[in-house]
Amino acid sequence: RDRREELIPALMRVWPGILLLILAEEASAGTSARSGSRFRAAWQPLAVPEFISGGIFHRREAARGIGTLLVGGGAALLAFHQSNARLRGIAPAKMSIVVDSAVHVWKKDPAYPWSQQAAANPPAKDASAEELLALMDANQVDKTVIIQPICYRFDNSYVRDTIARHPKRFAGVARIDPEDDNALHHLEELTNQGFVGVRFGPVEEKWWKAPRMLSILQKAADLKIPVLLFLGKDGGKSIPWIEPVLRQVPDVLVVIDHMADVSISDTTQIEALLALAALPKVHIKISHTWALSNQGYPWSDVQGLVGKVVSVFGAKRCMFATDWPVCMMPSWPGGDTNYAETVKLAKDEYKNILSPEDLQLVLGGTAASIWFKG
């Protein structure tokens, strides 16, 4: 039985090639037979006397017969293999989905003014939704989670309109002011507008430990939307005062952005990050490898951290992100890469440290289960 199960997939792989060779042979010999005799000839090679005549092998007739057998037999083999797999409880292979779990978009447009803080030093160039879609298509990225950028502060209009125009490709995560007395109202309002998450950061200890923050986290849990936390550079140092608050709201789904931007040489920060795995609702964004690395692409000195994070949290709680266009900004440490490289890293390099099943989850399965459930 085991040998048969190995043989069937092998035959399925080789028979199309054999068929092509036979068809090429027939084409080179010409096809002048009438359609009726062609049909008969397809079956005549099954009889030995017709198949061999006076020691002469009839190549054209054999080609037709064997071709017919291969087409029919290949289909039968495929059906048998699929049926046999179902009987043995093996799920058919699914096409993997690629979901980028963090990008930002903005454009210079009077309809979407910069925040007061950003107006004095606005982005040097646009990072529009149209450009993002072109990059996604060129790099085979199926869907993307757009995070409200800091240049718009708490005016989520541009991201709102973008996700409304492309609901099958984009999901949106909003920002609200954690010190606003109306924060709960704003969060519910944004959720009604189509946002499926809220982000805070860089997280500051003062407002994080305030009673209002507990109410916001509980509201997010009630709305069933994730809370994203950007801790900033060396974010592992913030985890000791982040973690106790999270323990008070165990039902809220939390995503720690960019592996908390921990220093790869600081074991204390790394241990603090990994310790968050004890909270079953905490997820990790596998990103900013280019910012944490001391090397060039593929930033190999960070691969060990990636492997540890996925191993400790489990791939079902980890997701990749490009953080475009921040990955291209020299003002951010390591920000001299591009969208294509950050996608290539996840697709081509992570397969060296992750199993195929874990890679599929990190590349998109986990993010899709949170933001693209439909």
# chains A, B, ... in the order shown; residues from 1 in each chain; ligands from 1
>>> closest_atom_pairs(of="region 286-334 of chain A", to="region 116-125 of chain A", cutoff="12 Å", atoms="only C-alpha atoms", output="JSON lines")
{"residue": "A:Pro325", "atom": "CA", "partner": "A:Lys125", "partner_atom": "CA", "distance": 10.2}
{"residue": "A:Val326", "atom": "CA", "partner": "A:Pro123", "partner_atom": "CA", "distance": 10.9}
{"residue": "A:Met328", "atom": "CA", "partner": "A:Lys125", "partner_atom": "CA", "distance": 11.5}
{"residue": "A:Met329", "atom": "CA", "partner": "A:Ala124", "partner_atom": "CA", "distance": 10.2}
{"residue": "A:Ser331", "atom": "CA", "partner": "A:Pro123", "partner_atom": "CA", "distance": 11.5}
>>> write_last_selection(atoms="N, CA and C atoms", output="mmCIF file, in the first residue's frame")
data_model
loop_
_atom_site.group_PDB
_atom_site.id
_atom_site.type_symbol
_atom_site.label_atom_id
_atom_site.label_comp_id
_atom_site.auth_asym_id
_atom_site.auth_seq_id
_atom_site.Cartn_x
_atom_site.Cartn_y
_atom_site.Cartn_z
ATOM 1 N N PRO A 325 6.016 52.327 3.263
ATOM 2 C CA PRO A 325 7.307 52.679 2.656
ATOM 3 C C PRO A 325 8.391 53.021 3.681
ATOM 4 N N VAL A 326 8.106 52.751 4.969
ATOM 5 C CA VAL A 326 9.119 53.051 6.000
ATOM 6 C C VAL A 326 10.413 52.289 5.715
ATOM 7 N N MET A 328 11.917 52.048 3.161
ATOM 8 C CA MET A 328 12.721 52.769 2.183
ATOM 9 C C MET A 328 13.256 54.097 2.705
ATOM 10 N N MET A 329 12.980 54.398 3.980
ATOM 11 C CA MET A 329 13.321 55.714 4.515
ATOM 12 C C MET A 329 14.636 55.700 5.274
ATOM 13 N N SER A 331 15.825 57.777 7.140
ATOM 14 C CA SER A 331 15.697 58.364 8.470
ATOM 15 C C SER A 331 15.423 57.307 9.522
#
>>> select_by_dssp(residues="region 202-265 of chain A", states="strand (DSSP E)", output="PyMOL selection string")
chain A and resi 227-229+254-256
>>> write_last_selection(atoms="C-alpha atoms", output="compact mmCIF listing (two decimals), in the first residue's frame")
# COMPACT_ATOMS: atom_id res chain seq x y z
CA VAL A 227 -5.08 46.15 19.16
CA LEU A 228 -1.69 46.81 17.56
CA LEU A 229 1.15 48.10 19.74
CA VAL A 254 -2.99 42.04 20.61
CA VAL A 255 -0.37 42.33 17.88
CA ILE A 256 3.12 43.46 18.88
>>> closest_residue(among="A:Arg169, A:Lys219, A:Lys316, A:His104", to="Asn156 (chain A)", atoms="only C-alpha atoms")
A:His104
>>> residues_around(residues="Val262 (chain A)", least_positions_apart="2", cutoff="8 Å", atoms="only C-alpha atoms", output="JSON, numbers by chain")
{"A": [233, 234, 235, 236, 259, 260, 264, 266, 269, 270, 273, 292]}
>>> residues_around(residues="Lys209 (chain A)", least_positions_apart="4", cutoff="7 Å", atoms="only C-alpha atoms", output="JSON list (two decimals) with all heavy atoms, in the first residue's frame")
[["chain", "number", "residue", "atom", "x", "y", "z"],
["A", 205, "GLU", "N", 4.29, 55.15, 28.72],
["A", 205, "GLU", "CA", 3.90, 54.54, 29.99],
["A", 205, "GLU", "C", 2.79, 55.32, 30.69],
["A", 205, "GLU", "O", 1.89, 54.71, 31.29],
["A", 205, "GLU", "CB", 5.13, 54.43, 30.91],
["A", 205, "GLU", "CG", 4.86, 53.66, 32.19],
["A", 205, "GLU", "CD", 6.13, 53.40, 32.99],
["A", 205, "GLU", "OE1", 7.21, 53.93, 32.60],
["A", 205, "GLU", "OE2", 6.05, 52.69, 34.00],
["A", 213, "MET", "N", -7.08, 53.52, 29.42],
["A", 213, "MET", "CA", -6.53, 52.53, 28.49],
["A", 213, "MET", "C", -7.17, 51.16, 28.70],
["A", 213, "MET", "O", -7.43, 50.42, 27.74],
["A", 213, "MET", "CB", -5.01, 52.44, 28.66],
["A", 213, "MET", "CG", -4.33, 51.73, 27.50],
["A", 213, "MET", "SD", -4.45, 52.67, 25.96],
["A", 213, "MET", "CE", -4.85, 51.39, 24.80],
["A", 245, "VAL", "N", -0.73, 45.24, 32.14],
["A", 245, "VAL", "CA", -2.00, 45.80, 31.67],
["A", 245, "VAL", "C", -2.70, 44.80, 30.75],
["A", 245, "VAL", "O", -3.93, 44.61, 30.84],
["A", 245, "VAL", "CB", -1.76, 47.14, 30.94],
["A", 245, "VAL", "CG1", -3.06, 47.67, 30.35],
["A", 245, "VAL", "CG2", -1.16, 48.16, 31.90]]
>>> residues_around(residues="Lys224 (chain A)", least_positions_apart="3", cutoff="8 Å", atoms="only C-alpha atoms", output="PyMOL selection string")
chain A and resi 220-221+252-253
>>> atom_distance(atom1="CA of Ala164 (chain A)", atom2="CA of Tyr112 (chain A)")
15.3 Å
>>> atom_distance(atom1="CA of Phe320 (chain A)", atom2="CA of Ile163 (chain A)")
20.0 Å
>>> atom_distance(atom1="CA of His288 (chain A)", atom2="CA of Thr342 (chain A)")
9.0 Å
>>> closest_residue(among="A:Asp323, A:Asp161, A:Glu188, A:Asp301", to="His258 (chain A)", atoms="only C-alpha atoms")
A:Asp323
>>> closest_residue(among="A:Phe372, A:Trp106, A:Trp114, A:Phe230", to="Leu132 (chain A)", atoms="only C-alpha atoms")
A:Trp106
>>> select_by_dssp(residues="region 177-295 of chain A", states="helix (DSSP H, G or I)", output="MDAnalysis selection string")
chainID A and resid 183:192 205:208 211:223 235:247 257:261 267:278 289:292
>>> residues_around(residues="Lys347 (chain A)", least_positions_apart="5", cutoff="12 Å", atoms="only C-alpha atoms", output="MDAnalysis selection string")
chainID A and resid 96:100 139:141 298 320:322 340:342 352:354 356 358:364
>>> closest_residue(among="A:Leu274, A:Val282, A:Ala291, A:Val145", to="Ser311 (chain A)", atoms="only C-alpha atoms")
A:Leu274
>>> closest_residue(among="A:Ile225, A:Ile239, A:Ala111, A:Val105", to="Thr144 (chain A)", atoms="only C-alpha atoms")
A:Val105
>>> closest_residue(among="A:Ala367, A:Ala277, A:Val198, A:Leu305", to="Phe170 (chain A)", atoms="only C-alpha atoms")
A:Ala367
